[in-house]
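S.K.: Okay, here's the structure, questions in a sec.
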2 protein chains.
Amino acid sequence: MSIATPVKILLIDDHHLFNDGLKSLLSSEQNIEIVGQVYEAKGVLHAIQRLSPDLIFLDINLPDKNGIELAAEVLKNYPSVKIILLTMYSDSQIYKEALRTGVHGYILKNSSKQNLLSGIEAVVNEKTYFDAKLNGRIEEAPSDDLARKFALTAREKEIIKWVKAGLDSYQIADKTFLSYHTVKTHRRNIHFKLGTSTTSELIKFANENGI
Amino acid sequence: MSIATPVKILLIDDHHLFNDGLKSLLSSEQNIEIVGQVYEAKGVLHAIQRLSPDLIFLDINLPDKNGIELAAEVLKNYPSVKIILLTMYSDSQIYKEALRTGVHGYILKNSSKQNLLSGIEAVVNEKTYFDAKLNGRIEEAPSDDLARKFALTAREKEIIKWVKAGLDSYQIADKTFLSYHTVKTHRRNIHFKLGTSTTSELIKFANENGI
DNA sequence: AAAAGATTACCTCCTAAGAGGTATTTTGTG
DNA sequence: CACAAAATACCTCTTAGGAGGTAATCTTTT
């Protein structure tokens, strides 16, 4: 497997070693040029402006922003740029989220270089590429009001962040300058939206979905 | 920075792309030879036997085993092999665990190639190397009964696994064929050992420490 | 064999979290 | 401006989890 036409790629991952390793791994390939590397969400739009890559590889867990949100921004501002998400999560929910956002590919970090090259080849040819390991996990959603799930508000995401950080509702109320009652209301709404009912379920769900 | 004497390195990480990327990144270095790559805990001891590396890079989160436990096994069976843990967790507790196990280095995945080379240079010269980003996080333990913390039993680790999986105590009792009361007792003992007091704290702690 | 540690299991009491309801204020969008 | 959505905040009630205690039975180590 090798790439037929020249491709300019931008790598976005906060793990420097992974990012640099990937660059090293791909630089040896014919027709692949790594035009830049970014280690946080912040500089991404600017880097795209400056480097005009054909394709970006994007991690979902960036320290300062959810990769899927970032993907949406990129697609909005630079519709011609192809996006392949590169993550360690194989959950079907996040896969659906990714599809909905309109990314062009989704590859797991425990995948192989060959798959990566297949993905690159596919997306530069206006196709999509989703990791084979994801198959079998994708069951259609009941589609009625479930479509509205996942529509977490900014405040709800913030609450989830603190729950994941190990705080209880009183501590979260302190941190957010909200009433304890309000925090509990948000937690209830979050559980409703995500279909969870305990804190441990919520954390598991959030971890698997990069929330 | 370059390495002064030839070093044979074995890479152990379940994320193929990271593993391969790292190989690519290090292969270009003088005096560094990547003698092998392993993608799960299972084949590690055999690979060491066969390839006799001077140094192994070891991920903490392997699918089939905790990397720190694996490090202990390696040190027991091959005391001359140097071990550098390579992980994304910067928690002080796991750092202490690593020290106690006797690993020779601990480097974060969002570190740089230069740090990696410094680490290699250090450990092959019988020194240790711990990521600079870990400094400031290392406060000495009260040392009395805190030394006994972290001594989680097999059953306790199993309970933690189910808690992380989102099950409540009743469901865990079902899964393990234990009484609900027993599960609660284990949870209480776990909280005591880890110094936590809520489920969310426990999960956070477990995640950060690769339990 | 004795001691130490691990596992099992029950008790009570208290608190955090979840479920259900309601209502006001604020913010954003057509 | 009007309407919808989000954010805020209180109420009650039920349940799961945490804290403290005790103790019998295994298992492992000395």
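Ordering of the structure tokens sets the chain letters (A, B, ...), residue numbers begin anew at 1 in every chain, and ligands are numbered from 1 in the order given.
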With all C-alpha atoms matched in order and chain A superposed on chain B by least squares, what's the RMSD to one decimal?
M.R.: 0.4 Å
S.K.: Determine which residues of chain C sit within 10 Å of chain A, taking into account only C-alpha atoms (C1' of nucleotides), and present them as a ChimeraX atom specification.
M.R.: /C:16-19
S.K.: Might you pull out every residue within 7 Å of Phe130 in chain B, with only C-alpha atoms (C1' of nucleotides) counted and same-chain residues fewer than 2 positions away left off, and present them as a tab-separated table (two decimals) with N, CA, C and O atoms, in the first residue's frame?
M.R.:
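Dumped to result39.tsv:
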chain	number	residue	atom	x	y	z
B	105	GLY	N	12.97	4.31	35.37
B	105	GLY	CA	12.57	5.59	34.81
B	105	GLY	C	11.06	5.67	34.65
B	105	GLY	O	10.36	4.65	34.69
B	106	TYR	N	10.59	6.89	34.49
B	106	TYR	CA	9.15	7.14	34.38
B	106	TYR	C	9.00	8.39	33.52
B	106	TYR	O	9.34	9.49	33.95
B	107	ILE	N	8.48	8.21	32.31
B	107	ILE	CA	8.37	9.33	31.38
B	107	ILE	C	6.94	9.45	30.87
B	107	ILE	O	6.29	8.44	30.58
B	128	THR	N	18.83	6.73	37.40
B	128	THR	CA	17.38	6.68	37.16
B	128	THR	C	16.96	7.97	36.46
B	128	THR	O	17.69	8.95	36.45
B	132	ALA	N	10.55	15.42	34.39
B	132	ALA	CA	10.60	16.69	35.12
B	132	ALA	C	9.21	17.17	35.49
B	132	ALA	O	9.00	17.83	36.51
S.K.: Could you produce a table of the residues of chain D lying within 9 Å of chain A, with the nearest pair of atoms per residue and their separation in Å rounded to one decimal, using only C-alpha atoms (C1' of nucleotides), ordered by chain and increasing residue number, as JSON lines?
M.R.:
{"residue": "D:DA6", "atom": "C1'", "partner": "A:Thr153", "partner_atom": "CA", "distance": 7.8}
{"residue": "D:DA7", "atom": "C1'", "partner": "A:Arg155", "partner_atom": "CA", "distance": 8.2}
{"residue": "D:DT8", "atom": "C1'", "partner": "A:Thr182", "partner_atom": "CA", "distance": 6.2}
{"residue": "D:DA9", "atom": "C1'", "partner": "A:Thr182", "partner_atom": "CA", "distance": 5.8}
{"residue": "D:DC10", "atom": "C1'", "partner": "A:His181", "partner_atom": "CA", "distance": 7.3}
S.K.: Between A:Leu75, A:Leu167, A:Leu117, A:Ile32, which is the closest to chain B once you count only C-alpha atoms?
M.R.: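 Closest to chain B, using only C-alpha atoms: A:Leu167.
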S.K.: Just the number, please: distance in Å from CA of Leu22 in chain B to CA of Leu10 in chain A, one decimal.
M.R.: 18.3 Å
S.K.: Taking a cut-off of 8 Å and counting only C-alpha atoms, can you build a table that, for each residue of chain B near chain A, reports the nearest atom pair and how far apart they are in Å (one decimal), sorted by chain then residue number, as CSV?
M.R.:
residue,atom,partner,partner_atom,distance
B:Asp14,CA,A:Asn110,CA,6.2
B:His15,CA,A:Asn110,CA,3.8
B:His16,CA,A:Asn110,CA,4.4
B:Leu17,CA,A:Lys109,CA,5.7
B:Phe18,CA,A:Phe18,CA,5.3
B:Asp20,CA,A:Leu25,CA,7.1
B:Gly21,CA,A:Gly21,CA,3.7
B:Leu22,CA,A:Gly21,CA,4.8
B:Lys23,CA,A:Gly21,CA,7.5
B:Ser24,CA,A:Leu25,CA,5.4
B:Leu25,CA,A:Gly21,CA,5.2
B:Met88,CA,A:His15,CA,7.9
B:Lys109,CA,A:His15,CA,5.4
B:Asn110,CA,A:His15,CA,3.8
B:Ser111,CA,A:His16,CA,5.6
B:Ser112,CA,A:His16,CA,5.8
B:Lys113,CA,A:Leu17,CA,6.5
B:Val163,CA,A:Ser200,CA,6.5
B:Lys164,CA,A:Ser200,CA,6.4
B:Ala165,CA,A:Lys204,CA,6.4
B:Gly166,CA,A:Glu201,CA,4.0
B:Leu167,CA,A:Glu201,CA,7.0
B:Asp168,CA,A:Thr198,CA,7.7
B:Thr198,CA,A:Gly166,CA,7.5
B:Thr199,CA,A:Ser200,CA,6.8
B:Ser200,CA,A:Gly166,CA,4.5
B:Glu201,CA,A:Gly166,CA,4.0
B:Leu202,CA,A:Gly166,CA,7.5
B:Ile203,CA,A:Ser200,CA,7.6
B:Lys204,CA,A:Gly166,CA,6.1
S.K.: Just to be explicit: take each residue in the selection above, keep C-alpha atoms, and write the result as a tab-separated table (two decimals), in the first residue's frame.
M.R.:
chain	number	residue	atom	x	y	z
B	14	ASP	CA	-0.80	-1.97	23.08
B	15	HIS	CA	-1.39	1.07	20.92
B	16	HIS	CA	0.14	-0.14	17.68
B	17	LEU	CA	0.49	3.29	16.21
B	18	PHE	CA	2.25	4.64	19.27
B	20	ASP	CA	5.37	1.77	15.77
B	21	GLY	CA	5.73	5.53	15.86
B	22	LEU	CA	8.14	5.27	18.74
B	23	LYS	CA	10.15	2.67	16.88
B	24	SER	CA	10.35	4.94	13.90
B	25	LEU	CA	11.29	7.89	16.08
B	88	MET	CA	0.02	9.39	30.21
B	109	LYS	CA	3.67	10.30	26.87
B	110	ASN	CA	3.33	14.00	26.30
B	111	SER	CA	7.06	14.36	26.89
B	112	SER	CA	9.59	15.02	24.13
B	113	LYS	CA	12.04	12.88	22.20
B	163	VAL	CA	-17.22	-0.10	39.87
B	164	LYS	CA	-15.34	1.40	36.95
B	165	ALA	CA	-17.57	-0.58	34.63
B	166	GLY	CA	-20.51	1.34	36.02
B	167	LEU	CA	-22.11	-1.37	38.16
B	168	ASP	CA	-23.69	-0.67	41.54
B	198	THR	CA	-16.81	8.70	47.19
B	199	THR	CA	-17.31	6.59	44.09
B	200	SER	CA	-16.20	9.38	41.79
B	201	GLU	CA	-12.99	9.88	43.76
B	202	LEU	CA	-12.32	6.18	43.66
B	203	ILE	CA	-12.78	6.00	39.90
B	204	LYS	CA	-10.56	8.99	39.35
